[in-house]
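Undergrad: Before anything else, here's the structure in question.
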Amino acid sequence: MKKKLSKIVIALLILGGIAGFVGYKYLLSSNVKTESPVYFEIYSDQGYNSVMENLELTGVIQNMTSLKLAAKLLGYQDKVKAGRYELTNGLSSLKLIQKLRSGRQTPVRFTFNNIRTKDQFAQRVDEVLMMSKEEFLEELDSPETLNKYGLTKENNIAIFIPNTYEFYWNITPKEFIEKMNKEYEKFWTDERQKKLADCQLTRLEVSTLASIVEEETIKNDERPKVAGLYLNRLRIGMMLQADPTVKFALGDFSIKRVTGAGFVDSPYNTYKYAGLPPGPIRIPCTGGIDAVLNYEHHDYLFMCAKRDFSGYHDFSTTFDEHQNNAHKYHKELDKKGIK
């Protein structure tokens, strides 16, 4: 009897071992089939069932039963974590659930440039990261954020330096702004800081002027000369009279000819108000900022677009000379029917 019982026990152990081995292989075998990585996003308000349903909808999971078994064994039901996860070909059920359970995300590359308004930047954030445009703007314009970084609602976009950055998809607005401010501080090297004294501007004012310079000329090699002109005006208390600031005030950069500028009642209207506007009229690029810091020293106070429409400008030191250049340019505009 004992001998027979021993055989039964041994048989059961063997069967159990086989079943365990098969189950182990079942959970460790490839369960993701995809030619290129798929990025799977889990929002903070999602639960286990929603995650499983969405994983099935990706179309890359070969066996949902295997995946749910792995989830049960690892207790994933109560460990769902928001994030953006990379699903690669050959990933097993066990490895996939381990990744989701641990919150091991793949960073998102966040690139931005050529952005004019705060609203446009917020939309870019919304498109790439989990936070909404509204959540970002609320945090950016909050009194707490403005006080912490010494900013205003008008100039706070200056801390965003166009480049490519990496973030975790579910980064919070507060964390995002903090990281971007750290990058802003890195940008302002000792060398750049030393050049501020010559400009007689603060870092935020340099960004504001840089934004005007970038809107005034599309020619990189002309930016230092344009920057020098506006710095000359600031030093003698002369109004900047920059057309792009009027376009910004009107919310329309498509305007070809700025007329009646003095009637636009806005602190951004540099035909009506002296000095720099309250903040940048676009997010300036590094080249624009460096053009101001390395401005060209000259005596020019006036500029007018060249009548050959090359994108360059004629510069002058006297108003009479400027009037002559402007007359020639406007004559060409009239010829082409540009209003």
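Going by the structure tokens order, chains are called A, B, ..., each with residues numbered from 1, while ligands are numbered from 1 in the order shown.
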Mind listing the helix (DSSP H, G or I) residues of region 78-220 of chain A, per DSSP on the backbone, as JSON, numbers by chain?

TA: {"A": [78, 93, 94, 95, 96, 97, 98, 99, 100, 101, 102, 118, 119, 120, 121, 122, 123, 124, 125, 126, 127, 128, 133, 134, 135, 136, 137, 138, 139, 140, 143, 144, 145, 146, 147, 148, 149, 156, 157, 158, 159, 173, 174, 175, 176, 177, 178, 179, 180, 181, 182, 183, 184, 185, 186, 187, 190, 191, 192, 193, 194, 195, 196, 197, 198, 199, 203, 204, 205, 206, 207, 208, 209, 210, 211, 212, 213, 214, 215, 216, 220]}

Undergrad: Tell me which protein, DNA and RNA residues are within 7 Å of region 331-336 of chain A, counting only C-alpha atoms, leaving out same-chain ones fewer than 3 positions away, and put them as JSON, numbers by chain.

TA: {"A": [307, 327, 328]}

Undergrad: With only C-alpha atoms as the counted atoms, please give the residues lying no more than 12 Å from His313 (chain A), apart from itself and same-chain residues fewer than 3 positions off, as a ChimeraX atom specification.

TA: /A:216-219,221-223,225-226,229,300,302-310,316,322,325-326,329

Undergrad: Write a file of the just-selected residues containing C-alpha atoms, as a PDB file, in the first residue's frame.

TA:
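The file below, part_11.pdb, is the result:
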```
ATOM      1  CA  GLU A 216      11.660  91.867 -37.928  1.00  0.00           C
ATOM      2  CA  THR A 217      14.111  89.888 -40.039  1.00  0.00           C
ATOM      3  CA  ILE A 218      14.232  86.372 -41.459  1.00  0.00           C
ATOM      4  CA  LYS A 219      17.950  86.800 -42.143  1.00  0.00           C
ATOM      5  CA  ASP A 221      23.134  87.417 -40.415  1.00  0.00           C
ATOM      6  CA  GLU A 222      21.106  90.629 -40.085  1.00  0.00           C
ATOM      7  CA  ARG A 223      19.796  89.984 -36.569  1.00  0.00           C
ATOM      8  CA  LYS A 225      22.408  94.726 -36.704  1.00  0.00           C
ATOM      9  CA  VAL A 226      18.656  94.931 -36.003  1.00  0.00           C
ATOM     10  CA  LEU A 229      19.352  99.462 -33.772  1.00  0.00           C
ATOM     11  CA  TYR A 300      21.630 103.316 -36.919  1.00  0.00           C
ATOM     12  CA  PHE A 302      16.010 103.537 -38.562  1.00  0.00           C
ATOM     13  CA  MET A 303      15.391 100.551 -40.805  1.00  0.00           C
ATOM     14  CA  CYS A 304      13.139  99.818 -43.745  1.00  0.00           C
ATOM     15  CA  ALA A 305      12.631  96.665 -45.791  1.00  0.00           C
ATOM     16  CA  LYS A 306      14.588  96.720 -49.029  1.00  0.00           C
ATOM     17  CA  ARG A 307      12.489  97.398 -52.096  1.00  0.00           C
ATOM     18  CA  ASP A 308      13.903  94.274 -53.795  1.00  0.00           C
ATOM     19  CA  PHE A 309      11.922  92.156 -51.268  1.00  0.00           C
ATOM     20  CA  SER A 310      15.050  90.140 -50.493  1.00  0.00           C
ATOM     21  CA  SER A 316      19.938 104.784 -41.743  1.00  0.00           C
ATOM     22  CA  HIS A 322      14.816 106.735 -43.632  1.00  0.00           C
ATOM     23  CA  ASN A 325      14.079 104.533 -48.162  1.00  0.00           C
ATOM     24  CA  ALA A 326      10.508 104.109 -46.936  1.00  0.00           C
ATOM     25  CA  TYR A 329       9.714 100.650 -50.504  1.00  0.00           C
TER      26      TYR A 329
END
```

Undergrad: For the atom pair CA of Ser102 (chain A) and CA of Val60 (chain A), what is the interatomic distance in Å to one decimal place?

TA: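 About the pair CA of Ser102 (chain A) and CA of Val60 (chain A): they are 20.9 Å apart.
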
Undergrad: For region 265-281 of chain A, work out the shell of residues within 7 Å, counting only C-alpha atoms and skipping chain neighbours fewer than 5 positions away, then give it as JSON, numbers by chain.

TA: {"A": [116, 154, 155, 158, 207, 208, 211, 212, 234, 239, 240, 241, 242, 245, 246, 248, 249]}

Undergrad: Using only C-alpha atoms, which protein or nucleic acid residues come within 12 Å of region 201-204 of chain A? Drop anything in the same chain fewer than 5 positions from it, and give the result as an MDAnalysis selection string.

TA: chainID A and resid 149:152 154:161 184:185 187:189 192:196 209:211 231 234:235 275:280 283:284 289:290 292:293

Undergrad: May I have the selected residues written with C-alpha atoms, as an mmCIF file, in the first residue's frame?

TA:
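Saved file again_35.cif follows:
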```cif
data_model
loop_
_atom_site.group_PDB
_atom_site.id
_atom_site.type_symbol
_atom_site.label_atom_id
_atom_site.label_comp_id
_atom_site.auth_asym_id
_atom_site.auth_seq_id
_atom_site.Cartn_x
_atom_site.Cartn_y
_atom_site.Cartn_z
ATOM 1 C CA TYR A 149 10.511 81.965 -10.708
ATOM 2 C CA GLY A 150 10.174 85.754 -10.647
ATOM 3 C CA LEU A 151 7.943 85.891 -13.709
ATOM 4 C CA THR A 152 4.761 87.552 -14.914
ATOM 5 C CA GLU A 154 3.335 88.268 -19.911
ATOM 6 C CA ASN A 155 6.953 87.093 -19.819
ATOM 7 C CA ASN A 156 6.777 83.542 -18.434
ATOM 8 C CA ILE A 157 7.093 81.947 -21.886
ATOM 9 C CA ALA A 158 10.667 83.282 -21.976
ATOM 10 C CA ILE A 159 11.885 80.371 -19.816
ATOM 11 C CA PHE A 160 11.144 77.902 -22.615
ATOM 12 C CA ILE A 161 14.236 77.619 -24.792
ATOM 13 C CA TYR A 184 16.746 77.842 -18.977
ATOM 14 C CA GLU A 185 19.281 78.388 -16.192
ATOM 15 C CA PHE A 187 21.326 78.101 -21.145
ATOM 16 C CA TRP A 188 22.364 81.265 -19.339
ATOM 17 C CA THR A 189 26.044 80.408 -19.087
ATOM 18 C CA ARG A 192 26.041 84.968 -21.694
ATOM 19 C CA GLN A 193 25.541 86.479 -18.254
ATOM 20 C CA LYS A 194 28.598 88.720 -18.725
ATOM 21 C CA LYS A 195 27.160 90.147 -21.956
ATOM 22 C CA LEU A 196 24.011 91.349 -20.205
ATOM 23 C CA LEU A 209 13.924 92.074 -27.577
ATOM 24 C CA ALA A 210 15.091 88.868 -29.276
ATOM 25 C CA SER A 211 11.475 88.007 -30.083
ATOM 26 C CA LEU A 231 19.300 98.976 -28.325
ATOM 27 C CA LEU A 234 16.254 102.168 -25.953
ATOM 28 C CA ARG A 235 19.354 103.995 -24.751
ATOM 29 C CA GLY A 275 10.391 100.897 -23.988
ATOM 30 C CA LEU A 276 10.052 97.167 -24.388
ATOM 31 C CA PRO A 277 6.617 95.511 -24.346
ATOM 32 C CA PRO A 278 5.610 93.495 -21.219
ATOM 33 C CA GLY A 279 6.950 90.237 -22.619
ATOM 34 C CA PRO A 280 8.088 88.347 -25.723
ATOM 35 C CA ILE A 283 9.288 82.290 -27.969
ATOM 36 C CA PRO A 284 12.731 83.405 -29.171
ATOM 37 C CA ILE A 289 18.876 85.671 -27.974
ATOM 38 C CA ASP A 290 22.550 85.421 -28.939
ATOM 39 C CA VAL A 292 20.944 90.506 -28.963
ATOM 40 C CA LEU A 293 23.787 89.546 -26.637
#
```

Undergrad: Report as a PDB file with C-alpha atoms, in the first residue's frame all protein, DNA and RNA residues lying within 6 Å of Asn170 (chain A), evaluated on only C-alpha atoms, omitting residues in the same chain fewer than 2 positions from it.

TA:
```pdb
ATOM      1  CA  GLY A  83       2.524  56.255 -18.207  1.00  0.00           C
ATOM      2  CA  MET A 130      -0.443  63.542 -20.791  1.00  0.00           C
ATOM      3  CA  TYR A 168       8.147  61.006 -18.987  1.00  0.00           C
TER       4      TYR A 168
END
```

Undergrad: Name all residues at most 9 Å from Asp119 (chain A) (count only C-alpha atoms; drop same-chain ones fewer than 4 positions away) and give them as an mmCIF file with C-alpha atoms, in the first residue's frame.

TA:
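Wrote it out as around-v1.cif, contents follow:
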```cif
data_model
loop_
_atom_site.group_PDB
_atom_site.id
_atom_site.type_symbol
_atom_site.label_atom_id
_atom_site.label_comp_id
_atom_site.auth_asym_id
_atom_site.auth_seq_id
_atom_site.Cartn_x
_atom_site.Cartn_y
_atom_site.Cartn_z
ATOM 1 C CA GLN A 123 -1.172 73.144 -27.425
ATOM 2 C CA ARG A 124 2.192 71.557 -28.257
ATOM 3 C CA LYS A 133 -3.445 72.460 -22.416
ATOM 4 C CA LEU A 137 -1.694 77.037 -18.535
#
```

Undergrad: Rounded to one decimal in Å, what is the spacing between CA of Thr58 (chain A) and CA of Tyr39 (chain A)?

TA: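 We find that CA of Thr58 (chain A) and CA of Tyr39 (chain A) lie 9.4 Å from each other.
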
Undergrad: For the strand (DSSP E) assignment from backbone DSSP, which residues of region 142-261 of chain A qualify? Please present them as an MDAnalysis selection string.

TA: chainID A and resid 163:167

Undergrad: Could the residues in this selection be saved with N, CA and C atoms as a PDB file, in the first residue's frame?

TA:
```
ATOM      1  N   ASN A 163      14.283  73.632 -28.236  1.00  0.00           N
ATOM      2  CA  ASN A 163      15.265  72.556 -28.344  1.00  0.00           C
ATOM      3  C   ASN A 163      14.502  71.231 -28.307  1.00  0.00           C
ATOM      4  N   THR A 164      15.217  70.138 -28.166  1.00  0.00           N
ATOM      5  CA  THR A 164      14.597  68.826 -27.979  1.00  0.00           C
ATOM      6  C   THR A 164      14.903  68.337 -26.574  1.00  0.00           C
ATOM      7  N   TYR A 165      13.864  67.951 -25.853  1.00  0.00           N
ATOM      8  CA  TYR A 165      14.007  67.501 -24.471  1.00  0.00           C
ATOM      9  C   TYR A 165      13.349  66.136 -24.303  1.00  0.00           C
ATOM     10  N   GLU A 166      13.674  65.463 -23.210  1.00  0.00           N
ATOM     11  CA  GLU A 166      13.034  64.183 -22.900  1.00  0.00           C
ATOM     12  C   GLU A 166      12.282  64.289 -21.579  1.00  0.00           C
ATOM     13  N   PHE A 167      11.049  63.811 -21.601  1.00  0.00           N
ATOM     14  CA  PHE A 167      10.213  63.804 -20.404  1.00  0.00           C
ATOM     15  C   PHE A 167       9.494  62.466 -20.312  1.00  0.00           C
TER      16      PHE A 167
END
```

Undergrad: Find the residue from A:Leu57, A:Leu94, A:Cys285, A:Asn89 that sits nearest to Ala71 (chain A); use only C-alpha atoms when measuring.

TA: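 Result for the nearest residue to Ala71 (chain A): A:Leu94.
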